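final-v4.cif (mmCIF, C-alpha atoms (C1' of nucleotides)) appears below.
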data_entry
loop_
_atom_site.label_atom_id
_atom_site.label_comp_id
_atom_site.auth_asym_id
_atom_site.auth_seq_id
_atom_site.Cartn_x
_atom_site.Cartn_y
_atom_site.Cartn_z
CA MET A 2 40.51 -11.03 11.12
CA ARG A 3 39.48 -7.86 9.30
CA ILE A 4 35.94 -8.16 8.04
CA VAL A 5 34.15 -5.91 5.57
CA MET A 6 30.38 -6.00 5.37
CA MET A 7 28.72 -5.57 2.01
CA GLY A 8 24.99 -5.18 2.01
CA THR A 9 22.14 -2.83 1.41
CA GLY A 10 18.63 -3.91 2.29
CA THR A 11 17.01 -4.52 5.62
CA PHE A 12 17.82 -8.19 5.15
CA ALA A 13 21.51 -7.40 5.68
CA GLU A 14 21.03 -5.44 8.87
CA PRO A 15 20.76 -8.27 11.41
CA THR A 16 23.90 -9.87 10.01
CA PHE A 17 25.79 -6.62 10.19
CA GLU A 18 24.63 -5.99 13.72
CA ALA A 19 25.38 -9.54 14.80
CA LEU A 20 28.96 -9.27 13.64
CA ILE A 21 29.42 -6.02 15.48
CA ALA A 22 27.70 -7.30 18.62
CA ALA A 23 29.89 -10.39 18.65
CA GLY A 24 32.94 -8.19 18.77
CA GLU A 25 34.22 -9.15 15.35
CA GLN A 26 36.62 -6.74 13.76
CA VAL A 27 34.31 -5.09 11.26
CA VAL A 28 36.48 -2.54 9.51
CA GLY A 29 34.18 -1.22 6.85
CA LEU A 30 30.82 -1.24 5.17
CA VAL A 31 30.24 -1.21 1.44
CA THR A 32 26.71 -0.32 0.52
CA GLN A 33 24.76 1.11 -2.39
CA PRO A 34 24.80 4.86 -2.90
CA ASP A 35 21.95 6.69 -1.20
CA LYS A 36 19.27 7.25 -3.74
CA ASP A 37 16.82 10.04 -3.54
CA VAL A 38 13.69 8.32 -4.50
CA GLY A 39 10.29 9.71 -5.14
CA ARG A 40 9.10 13.15 -5.92
CA ARG A 41 10.97 16.18 -4.70
CA SER A 42 12.85 15.49 -1.55
CA GLY A 43 11.70 11.90 -1.20
CA THR A 44 9.57 11.35 1.85
CA SER A 45 10.30 7.69 1.98
CA ARG A 46 11.86 4.83 0.10
CA GLN A 47 15.56 5.23 0.36
CA THR A 48 17.91 2.38 -0.06
CA GLY A 49 21.09 2.00 1.88
CA LYS A 50 19.91 4.28 4.65
CA GLY A 51 19.66 1.71 7.38
CA MET A 52 23.01 0.08 6.85
CA ALA A 53 24.90 3.35 6.69
CA ALA A 54 23.19 4.49 9.86
CA ILE A 55 24.25 1.36 11.73
CA ALA A 56 27.81 1.82 10.53
CA SER A 57 28.05 5.41 11.63
CA ALA A 58 26.53 4.54 14.98
CA HIS A 59 29.47 2.22 15.58
CA GLY A 60 32.09 4.41 13.96
CA ILE A 61 32.58 2.06 11.03
CA PRO A 62 33.70 3.75 7.81
CA VAL A 63 31.36 3.47 4.84
CA ALA A 64 32.06 3.23 1.13
CA GLN A 65 29.30 3.72 -1.41
CA PRO A 66 30.75 3.19 -4.85
CA GLN A 67 28.42 3.60 -7.79
CA SER A 68 29.66 0.24 -8.98
CA ILE A 69 31.90 -2.11 -7.07
CA ASN A 70 33.11 -3.60 -10.33
CA THR A 71 34.91 -0.50 -11.58
CA PRO A 72 38.57 0.05 -10.74
CA GLU A 73 37.51 2.89 -8.44
CA GLY A 74 34.96 0.75 -6.64
CA LEU A 75 37.43 -2.06 -6.18
CA ALA A 76 40.00 0.38 -4.87
CA GLU A 77 37.54 1.53 -2.21
CA LEU A 78 37.04 -2.03 -1.09
CA LYS A 79 40.76 -2.77 -1.06
CA ALA A 80 41.38 0.33 1.01
CA PHE A 81 39.71 -1.47 3.91
CA ALA A 82 42.29 -4.28 3.57
CA PRO A 83 39.77 -6.99 4.46
CA ASP A 84 40.66 -10.59 5.16
CA LEU A 85 37.07 -11.63 4.64
CA VAL A 86 34.03 -10.00 3.11
CA VAL A 87 30.51 -10.84 4.23
CA VAL A 88 27.85 -10.12 1.63
CA ALA A 89 24.11 -9.92 2.19
CA ALA A 90 21.64 -8.43 -0.23
CA TYR A 91 24.18 -6.16 -1.84
CA GLY A 92 22.40 -5.88 -5.14
CA GLN A 93 25.30 -5.98 -7.55
CA ILE A 94 26.89 -8.97 -9.21
CA LEU A 95 30.54 -9.15 -8.29
CA LYS A 96 33.30 -9.59 -10.83
CA PRO A 97 36.02 -12.19 -10.26
CA GLU A 98 38.63 -9.53 -9.46
CA VAL A 99 36.43 -8.20 -6.71
CA ILE A 100 35.77 -11.62 -5.26
CA ALA A 101 39.48 -12.35 -5.27
CA ALA A 102 40.35 -9.20 -3.33
CA PRO A 103 40.15 -10.52 0.24
CA PRO A 104 42.55 -13.40 1.05
CA LEU A 105 39.85 -15.49 2.71
CA GLY A 106 37.35 -14.74 -0.02
CA MET A 107 33.77 -13.73 0.38
CA ILE A 108 30.76 -15.40 1.89
CA ASN A 109 27.15 -14.65 1.17
CA VAL A 110 23.97 -14.90 3.18
CA HIS A 111 21.28 -16.11 0.80
CA ALA A 112 17.62 -16.38 1.74
CA SER A 113 16.73 -19.74 0.28
CA LEU A 114 17.51 -23.40 0.62
CA LEU A 115 20.09 -23.51 -2.14
CA PRO A 116 20.37 -24.79 -4.77
CA LYS A 117 16.75 -23.73 -5.04
CA TYR A 118 15.96 -20.12 -5.83
CA ARG A 119 19.25 -18.66 -6.87
CA GLY A 120 19.03 -14.97 -7.60
CA ALA A 121 17.70 -11.66 -6.42
CA ALA A 122 14.28 -12.56 -5.07
CA PRO A 123 14.46 -15.97 -3.38
CA VAL A 124 11.93 -15.19 -0.66
CA ALA A 125 9.26 -14.01 -3.05
CA TYR A 126 9.70 -16.99 -5.33
CA ALA A 127 9.53 -19.48 -2.50
CA ILE A 128 6.11 -18.11 -1.59
CA TRP A 129 4.94 -17.69 -5.16
CA LYS A 130 5.81 -21.26 -6.05
CA GLY A 131 3.89 -22.55 -3.08
CA GLU A 132 6.78 -23.86 -1.01
CA THR A 133 5.94 -24.71 2.55
CA GLU A 134 9.50 -24.42 3.72
CA THR A 135 12.42 -22.19 2.95
CA GLY A 136 15.54 -21.10 4.74
CA VAL A 137 18.91 -19.46 4.66
CA THR A 138 22.14 -20.68 3.17
CA ILE A 139 25.65 -19.36 3.71
CA ILE A 140 27.76 -19.88 0.61
CA ARG A 141 31.21 -19.06 -0.58
CA ILE A 142 30.98 -16.48 -3.34
CA THR A 143 32.14 -17.57 -6.75
CA PRO A 144 31.79 -15.87 -10.12
CA GLY A 145 28.58 -17.79 -10.83
CA LEU A 146 25.27 -16.54 -9.50
CA ASP A 147 24.76 -17.97 -6.02
CA SER A 148 26.51 -21.13 -7.09
CA GLY A 149 29.32 -21.47 -4.58
CA GLU A 150 29.88 -24.15 -1.97
CA MET A 151 27.41 -24.22 0.89
CA LEU A 152 28.96 -23.64 4.28
CA ALA A 153 25.83 -23.74 6.40
CA GLN A 154 22.10 -23.99 5.96
CA ALA A 155 19.01 -23.71 8.12
CA SER A 156 15.36 -24.11 7.24
CA MET A 157 12.15 -22.52 8.38
CA ALA A 158 8.47 -23.15 7.68
CA ILE A 159 6.58 -20.67 5.54
CA LEU A 160 3.40 -19.62 7.28
CA PRO A 161 0.21 -19.87 5.20
CA THR A 162 -0.62 -16.17 5.21
CA GLU A 163 2.84 -14.74 5.34
CA THR A 164 4.00 -12.08 2.89
CA ALA A 165 7.48 -11.94 1.42
CA GLY A 166 8.30 -8.96 3.59
CA GLU A 167 7.25 -10.74 6.75
CA LEU A 168 9.06 -13.92 5.85
CA GLU A 169 12.21 -12.05 5.02
CA GLY A 170 11.98 -10.36 8.38
CA ARG A 171 12.06 -13.76 10.05
CA LEU A 172 14.80 -15.13 7.81
CA ALA A 173 17.18 -12.24 8.35
CA PRO A 174 18.00 -13.01 12.01
CA LEU A 175 18.35 -16.68 11.16
CA GLY A 176 20.84 -15.73 8.48
CA ALA A 177 22.68 -13.49 10.88
CA LYS A 178 23.11 -16.32 13.38
CA LEU A 179 24.31 -18.77 10.74
CA CYS A 180 26.67 -16.26 9.24
CA LEU A 181 28.25 -15.35 12.54
CA ASP A 182 28.74 -19.02 13.22
CA VAL A 183 30.55 -19.51 9.92
CA VAL A 184 32.71 -16.44 10.47
CA GLN A 185 33.79 -17.69 13.86
CA ARG A 186 34.66 -21.10 12.46
CA MET A 187 36.72 -19.47 9.75
CA LYS A 188 38.87 -17.78 12.31
CA SER A 189 40.23 -21.11 13.42
CA GLY A 190 40.96 -22.46 9.99
CA PRO A 191 39.54 -23.27 6.56
CA VAL A 192 35.90 -24.24 6.55
CA SER A 193 34.78 -26.92 4.18
CA GLY A 194 31.55 -26.74 2.27
CA THR A 195 29.38 -28.96 0.17
CA LYS A 196 28.71 -28.53 -3.50
CA GLN A 197 25.27 -27.59 -4.73
CA ASP A 198 23.43 -30.29 -6.63
CA ALA A 199 23.23 -28.89 -10.14
CA THR A 200 20.14 -30.89 -10.99
CA LEU A 201 18.10 -29.14 -8.32
CA VAL A 202 18.90 -25.59 -9.30
CA THR A 203 16.02 -23.18 -9.78
CA LYS A 204 16.14 -19.45 -10.41
CA ALA A 205 14.59 -16.50 -8.66
CA PRO A 206 15.21 -13.55 -10.96
CA LYS A 207 14.66 -9.96 -10.03
CA LEU A 208 11.04 -8.96 -9.60
CA THR A 209 9.56 -6.39 -11.92
CA LYS A 210 6.46 -4.22 -11.73
CA ALA A 211 4.94 -6.11 -14.62
CA MET A 212 4.93 -9.31 -12.57
CA GLY A 213 2.40 -7.66 -10.27
CA ALA A 214 -0.42 -7.66 -12.82
CA ILE A 215 -3.08 -10.02 -11.55
CA ASP A 216 -4.69 -12.44 -13.97
CA TRP A 217 -8.03 -13.17 -12.36
CA SER A 218 -8.58 -16.24 -14.49
CA LYS A 219 -5.88 -18.02 -12.54
CA SER A 220 -6.77 -19.99 -9.45
CA ALA A 221 -7.57 -18.21 -6.23
CA GLU A 222 -4.70 -20.02 -4.61
CA GLU A 223 -2.21 -18.87 -7.19
CA ILE A 224 -3.36 -15.27 -7.04
CA GLY A 225 -3.18 -15.41 -3.27
CA ARG A 226 0.42 -16.55 -3.45
CA GLN A 227 1.24 -13.88 -5.98
CA VAL A 228 -0.15 -11.19 -3.71
CA ARG A 229 1.84 -12.45 -0.75
CA ALA A 230 5.01 -12.93 -2.76
CA LEU A 231 4.98 -9.42 -4.17
CA GLN A 232 4.28 -7.73 -0.86
CA PRO A 233 5.68 -5.21 0.02
CA PHE A 234 7.46 -4.91 -3.31
CA PRO A 235 6.70 -4.57 -6.16
CA THR A 236 3.08 -5.26 -5.11
CA ALA A 237 0.33 -7.01 -7.01
CA TYR A 238 -2.14 -4.78 -8.77
CA THR A 239 -5.17 -4.71 -10.98
CA TYR A 240 -7.57 -2.18 -12.45
CA PHE A 241 -10.97 -1.31 -11.06
CA HIS A 242 -13.57 -0.95 -13.80
CA ARG A 243 -16.98 0.64 -13.38
CA PRO A 244 -19.48 1.36 -16.10
CA GLY A 245 -19.12 4.97 -17.19
CA LYS A 246 -16.01 5.64 -15.11
CA ASP A 247 -12.33 5.60 -15.88
CA ALA A 248 -10.37 2.57 -14.84
CA MET A 249 -8.57 2.99 -11.55
CA ARG A 250 -5.33 1.27 -10.70
CA ILE A 251 -5.50 -0.56 -7.43
CA VAL A 252 -2.80 -2.29 -5.48
CA ILE A 253 -4.01 -5.45 -3.80
CA ARG A 254 -2.36 -5.71 -0.41
CA ARG A 255 -3.93 -8.68 1.26
CA VAL A 256 -6.36 -11.38 0.21
CA HIS A 257 -7.97 -14.42 1.73
CA GLN A 258 -8.96 -17.56 -0.09
CA HIS A 259 -12.48 -18.88 -0.03
CA LEU A 260 -14.25 -21.82 -1.51
CA ILE A 261 -16.68 -20.69 -4.11
CA GLY A 262 -20.30 -20.61 -3.13
CA VAL A 263 -19.69 -20.84 0.56
CA HIS A 264 -20.53 -17.24 1.09
CA GLY A 265 -23.51 -16.90 -1.14
CA ILE A 266 -21.55 -16.21 -4.26
CA PRO A 267 -22.83 -17.58 -7.53
CA ILE A 268 -20.73 -20.08 -9.34
CA HIS A 269 -20.83 -18.63 -12.81
CA SER A 270 -19.24 -15.26 -12.45
CA ALA A 271 -16.61 -14.20 -14.94
CA PRO A 272 -13.12 -13.95 -13.44
CA GLY A 273 -12.58 -10.51 -12.02
CA THR A 274 -16.25 -9.90 -11.21
CA MET A 275 -16.55 -8.04 -7.94
CA MET A 276 -19.12 -9.12 -5.42
CA SER A 277 -20.23 -8.35 -1.98
CA PRO A 278 -22.75 -10.40 -0.01
CA LEU A 279 -24.88 -7.30 0.20
CA ILE A 280 -25.11 -7.00 -3.57
CA VAL A 281 -24.85 -10.38 -5.15
CA PRO A 282 -25.62 -10.74 -8.84
CA GLN A 283 -28.93 -12.51 -9.22
CA ASP A 284 -27.80 -15.41 -11.30
CA GLY A 285 -26.43 -18.86 -10.83
CA PRO A 286 -26.95 -21.36 -8.06
CA TYR A 287 -25.95 -20.58 -4.53
CA LEU A 288 -24.41 -23.10 -2.26
CA GLY A 289 -23.89 -21.07 0.79
CA ILE A 290 -25.50 -19.34 3.64
CA ALA A 291 -23.00 -17.43 5.70
CA GLN A 292 -23.19 -13.66 5.67
CA VAL A 293 -19.59 -12.64 5.75
CA PRO A 294 -19.10 -9.03 4.82
CA GLY A 295 -16.27 -8.25 2.50
CA LEU A 296 -15.15 -7.73 -1.02
CA PHE A 297 -15.11 -10.90 -3.08
CA VAL A 298 -13.67 -11.34 -6.51
CA ALA A 299 -14.30 -14.25 -8.85
CA THR A 300 -11.21 -16.05 -10.11
CA GLY A 301 -10.68 -19.01 -12.40
CA THR A 302 -11.51 -21.33 -9.54
CA ASN A 303 -12.73 -20.00 -6.23
CA ALA A 304 -13.73 -16.61 -4.99
CA LEU A 305 -11.00 -14.57 -3.43
CA ARG A 306 -11.71 -12.19 -0.61
CA VAL A 307 -9.76 -8.96 -0.80
CA ASP A 308 -8.99 -7.65 2.67
CA GLU A 309 -6.74 -4.70 2.06
CA LEU A 310 -6.16 -2.58 -0.99
CA GLN A 311 -4.87 0.76 -2.15
CA PRO A 312 -6.44 2.81 -4.94
CA ALA A 313 -4.12 5.04 -6.94
CA GLY A 314 -3.48 8.28 -5.13
CA LYS A 315 -4.85 6.96 -1.87
CA LYS A 316 -3.49 5.36 1.19
CA SER A 317 -3.88 1.69 1.83
CA MET A 318 -7.28 0.83 3.28
CA THR A 319 -9.33 -2.13 4.39
CA ALA A 320 -11.91 -3.67 2.08
CA GLU A 321 -14.59 -2.46 4.47
CA GLU A 322 -13.51 1.14 4.07
CA PHE A 323 -13.18 0.73 0.36
CA LEU A 324 -16.73 -0.57 0.06
CA ARG A 325 -18.15 2.42 1.92
CA GLY A 326 -16.70 4.74 -0.62
CA TYR A 327 -17.16 2.52 -3.65
CA PRO A 328 -20.25 0.39 -3.12
CA ILE A 329 -20.26 -2.41 -5.65
CA GLY A 330 -22.77 -2.24 -8.43
CA GLU A 331 -23.59 -4.36 -11.45
CA GLY A 332 -20.79 -4.61 -13.96
CA TYR A 333 -18.07 -3.74 -11.50
CA ARG A 334 -14.96 -5.78 -12.02
CA PHE A 335 -11.25 -6.07 -11.61
CA GLY A 336 -9.14 -6.75 -14.66
CA PRO A 337 -6.35 -5.63 -16.95
CA GLU A 338 -6.01 -1.95 -17.72
CA SER A 339 -8.32 -2.04 -20.70
"C1'" C B 22 12.73 22.14 -12.74
"C1'" G B 23 10.55 13.94 -14.97
"C1'" C B 24 4.81 12.38 -15.34
"C1'" G B 25 0.22 11.97 -12.84
"C1'" G B 26 -3.70 11.52 -8.81
"C1'" C B 27 -5.66 13.35 -4.27
"C1'" G B 28 -6.87 16.84 0.11
"C1'" U B 29 -15.18 17.65 1.58
"C1'" G B 30 -17.83 16.30 9.77
"C1'" G B 31 -14.01 10.48 13.31
"C1'" A B 32 -13.39 6.58 8.48
"C1'" G B 33 -14.20 5.71 3.17
"C1'" C B 34 -16.43 8.40 -0.87
"C1'" A B 35 -20.01 11.60 -4.20
"C1'" G B 36 -20.49 16.43 -5.88
"C1'" U B 37 -15.87 20.08 -9.20
"C1'" C B 38 -15.89 19.78 -16.53
"C1'" C B 39 -21.70 22.77 -17.30
"C1'" G B 40 -20.75 28.34 -10.51
"C1'" G B 41 -26.58 29.39 -7.17
"C1'" U B 42 -31.91 24.45 -5.11
"C1'" C B 43 -24.86 21.25 -2.24
"C1'" A B 44 -23.24 20.44 2.05
"C1'" G B 45 -24.96 14.60 0.19
"C1'" C B 46 -23.97 8.93 0.54
"C1'" U B 47 -22.18 4.40 3.13
"C1'" C B 48 -20.29 3.76 8.06
"C1'" G B 49 -18.72 5.30 12.99
"C1'" C B 50 -20.19 8.04 17.50
"C1'" C B 51 -24.23 9.70 21.26
"C1'" A B 52 -29.43 9.14 23.08
"C1'" G B 53 -33.96 6.47 22.86
"C1'" G B 54 -36.99 2.26 20.94
"C1'" C B 55 -37.65 -2.98 19.39
"C1'" U B 56 -35.56 -7.82 20.72
"C1'" C B 57 -33.96 -13.60 24.81
"C1'" A B 58 -30.11 -11.39 21.99
"C1'" U B 59 -26.70 -9.12 18.21
"C1'" A B 60 -21.95 -6.26 14.13
"C1'" A B 61 -29.58 -6.86 12.79
"C1'" C B 62 -33.79 -3.23 12.63
"C1'" C B 63 -36.47 1.73 13.83
"C1'" U B 64 -36.38 6.98 15.65
"C1'" G B 65 -33.79 11.25 17.00
"C1'" G B 66 -28.95 13.88 17.74
"C1'" A B 67 -23.92 15.95 17.88
"C1'" G B 68 -19.99 16.86 14.49
"C1'" G B 69 -17.61 20.22 8.53
"C1'" U B 70 -14.10 27.97 7.75
"C1'" C B 71 -15.51 21.68 1.53
"C1'" A B 72 -6.29 21.64 2.94
"C1'" U B 73 -4.41 27.00 3.34
"C1'" A B 74 -3.90 32.12 1.34
"C1'" G B 75 -5.30 35.46 -2.21
"C1'" G B 76 -8.31 36.64 -6.78
"C1'" U B 77 -12.80 36.69 -10.30
"C1'" U B 78 -18.26 37.05 -9.35
"C1'" C B 79 -24.51 39.47 -7.21
"C1'" A B 80 -23.07 34.33 -5.78
"C1'" A B 81 -17.43 29.50 -5.34
"C1'" A B 82 -16.41 22.96 -2.53
"C1'" U B 83 -17.26 24.17 -7.81
"C1'" C B 84 -13.41 29.12 -12.05
"C1'" C B 85 -8.04 31.51 -11.65
"C1'" U B 86 -3.19 32.00 -8.97
"C1'" A B 87 0.14 30.63 -5.16
"C1'" U B 88 1.41 27.63 -0.91
"C1'" C B 89 1.33 23.30 2.28
"C1'" G B 90 0.38 18.07 2.90
"C1'" C B 91 -0.51 12.91 1.15
"C1'" C B 92 -0.11 9.09 -2.74
"C1'" G B 93 1.05 6.49 -7.39
"C1'" C B 94 4.18 5.95 -11.78
"C1'" A B 95 8.78 6.62 -13.99
"C1'" A B 96 14.28 6.56 -12.83
#

Would you write out, as structure tokens, the structure that this file holds?
Amino acid sequence: MRIVMMGTGTFAEPTFEALIAAGEQVVGLVTQPDKDVGRRSGTSRQTGKGMAAIASAHGIPVAQPQSINTPEGLAELKAFAPDLVVVAAYGQILKPEVIAAPPLGMINVHASLLPKYRGAAPVAYAIWKGETETGVTIIRITPGLDSGEMLAQASMAILPTETAGELEGRLAPLGAKLCLDVVQRMKSGPVSGTKQDATLVTKAPKLTKAMGAIDWSKSAEEIGRQVRALQPFPTAYTYFHRPGKDAMRIVIRRVHQHLIGVHGIPIHSAPGTMMSPLIVPQDGPYLGIAQVPGLFVATGTNALRVDELQPAGKKSMTAEEFLRGYPIGEGYRFGPES
RNA sequence: CGCGGCGUGGAGCAGUCCGGUCAGCUCGCCAGGCUCAUAACCUGGAGGUCAUAGGUUCAAAUCCUAUCGCCGCAA
């Protein structure tokens, strides 16, 4: 059975490698064109690099059409003469003609418990929405977005402090195992699937930069989930305001939730107010006692402790380091740009 | 030739617009002291060609030019 792999991100890599390692006949890889990203000769951030590297390491030919949906792109796929195409995190929506190209169709590794979280960013949404469990589903690809029959599914608990990047890292091997299993079953005949329950469908659309803006009036829990969901991309951010200084954009990398008052923080601080136990505004009642160093920010509910952040033009740093360089004073706050 | 920020002792920053009194701050490190004890406190100490190379000037971290490196945004 001639198999073509279609995938781009790191999520696809374990599946690709599993197929190769299992001795399946992987005859080609279709991946996104290499993009030079960044300033001059991009130091980092390239997409498609990893997959292409794996392919060349195993002597597997690679196709990188600008769009798979053009006649040219489709021709490149057909040139591999695949019986089956395995898709994982490819990044382009496939047209019916493309899906129909291989005789056995296409299957997709999707990082959610379908029918929940159909779309481009299922892992991030699962965290953002506060799910405690997610998983991987192998589906048959149909013209609808992630709406095909489910061929296999496995679940996994979401850890309380896990970021989307970390969770995806754990889901990828699970997906690889499931996918390989389905592929091997397909070799011995048609595999039946179950339909997705249309009433349970939820969407996980592509993430945008704008989604990273933190609204400090929301609950600490919600902001915490947002930060984890948008890590490592597109990242949650806010602006650092100091009296008499220009606002500074800051990416919030990691936070920790705290009950308000427990660490000597006054109850009535406006959302976004920055506090440190060393310099606590002298107002409002205190409930707490513990001296825990750190950078605390008032939210709509509790205080949130920021553990790791990255000011514009700087590298990521711990809150401790940040506070040495930018000791908190009165009127310091996080908030929207202006 | 897309836009922008940054490079100051081991870490994070201030100082740069308005050149000289600027090499500073918060930590870390080393030694000593205090303490039952500590990431607490006190005293003392080591450590920097202020990214690099030129230029302007009596004088440059600070102004000009070029180079290297790091980062963010936009695609």

What are the centre and edge lengths in Å, to one decimal, of the axis-aligned box around all listed atoms of region 7-12 of chain A with 5 Å added on each side, as lines of an AutoDock Vina configuration file?
center_x = 22.9
center_y = -5.5
center_z = 3.5
size_x = 21.7
size_y = 15.4
size_z = 14.2

Show me a table, sorted first by chain and then by increasing residue number, of the residues of region 108-186 of chain A having an atom at most 7 Å from region 230-250 of chain A, each with its shortest atom pair and the distance in Å to one decimal, counting all atoms listed in the file and written as JSON lines.
{"residue": "A:Ala125", "atom": "CA", "partner": "A:Ala230", "partner_atom": "CA", "distance": 4.4}
{"residue": "A:Tyr126", "atom": "CA", "partner": "A:Ala230", "partner_atom": "CA", "distance": 6.7}
{"residue": "A:Ile128", "atom": "CA", "partner": "A:Ala230", "partner_atom": "CA", "distance": 5.4}
{"residue": "A:Trp129", "atom": "CA", "partner": "A:Ala230", "partner_atom": "CA", "distance": 5.3}
{"residue": "A:Thr164", "atom": "CA", "partner": "A:Gln232", "partner_atom": "CA", "distance": 5.8}
{"residue": "A:Ala165", "atom": "CA", "partner": "A:Ala230", "partner_atom": "CA", "distance": 5.0}
{"residue": "A:Gly166", "atom": "CA", "partner": "A:Pro233", "partner_atom": "CA", "distance": 5.8}

ask   = When the cut-off is 6 Å and we count all atoms listed in the file, which residues of chain B are near chain A, given as a ChimeraX atom specification?
value = /B:26-27,33-34,47,92-93

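When only C-alpha atoms (C1' of nucleotides) are used to measure the gap to G69 (chain B), the shortest distance among B:C22, B:A44, B:C85, B:C94 belongs to B:A44.
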
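Here CA of Gly213 (chain A) stands at a distance of 7.9 Å from CA of Val228 (chain A).
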
task = Run the PyMOL selection byres ((chain A and resi 111-122) around 8) against the file shown and list the residues it catches, as a VMD selection string.
result = chain A and resid 89 to 90 92 109 to 110 123 to 127 135 to 140 146 to 148 151 154 to 156 169 172 to 173 176 197 to 199 201 to 208

inquiry  = Given the point (-27.1, 8.3, 25.1) in the coordinates of this file, which residues lie within 12 Å, counting only C-alpha atoms (C1' of nucleotides), and how would they look as a ChimeraX atom specification?
reply    = /B:50-53,65-67

ask   = Neighbours of region 75-79 of chain B within 12 Å (all atoms listed in the file; same-chain residues fewer than 5 positions away dropped), as number ranges by chain?
value = B: 40-41, 84-88

task = Please write the residues picked by the PyMOL selection byres ((chain A and resi 101-106) around 10) on this file as number ranges by chain.
result = A: 2-5, 75-76, 78-79, 81-87, 95-100, 107-108, 141-144, 187-188, 191

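Atom pair C1' of U73 (chain B) / C1' of C89 (chain B) has a distance of 6.9 Å (rounded to one decimal).
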
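You will find CA of Ala221 (chain A) at 20.7 Å from CA of Glu134 (chain A).
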
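This file gives the following result for the PyMOL selection byres ((chain B and resi 83) around 12): U29, G36, U37, C38, C39, G40, G41, C43, C71, A80, A81, A82 and C84 of chain B.
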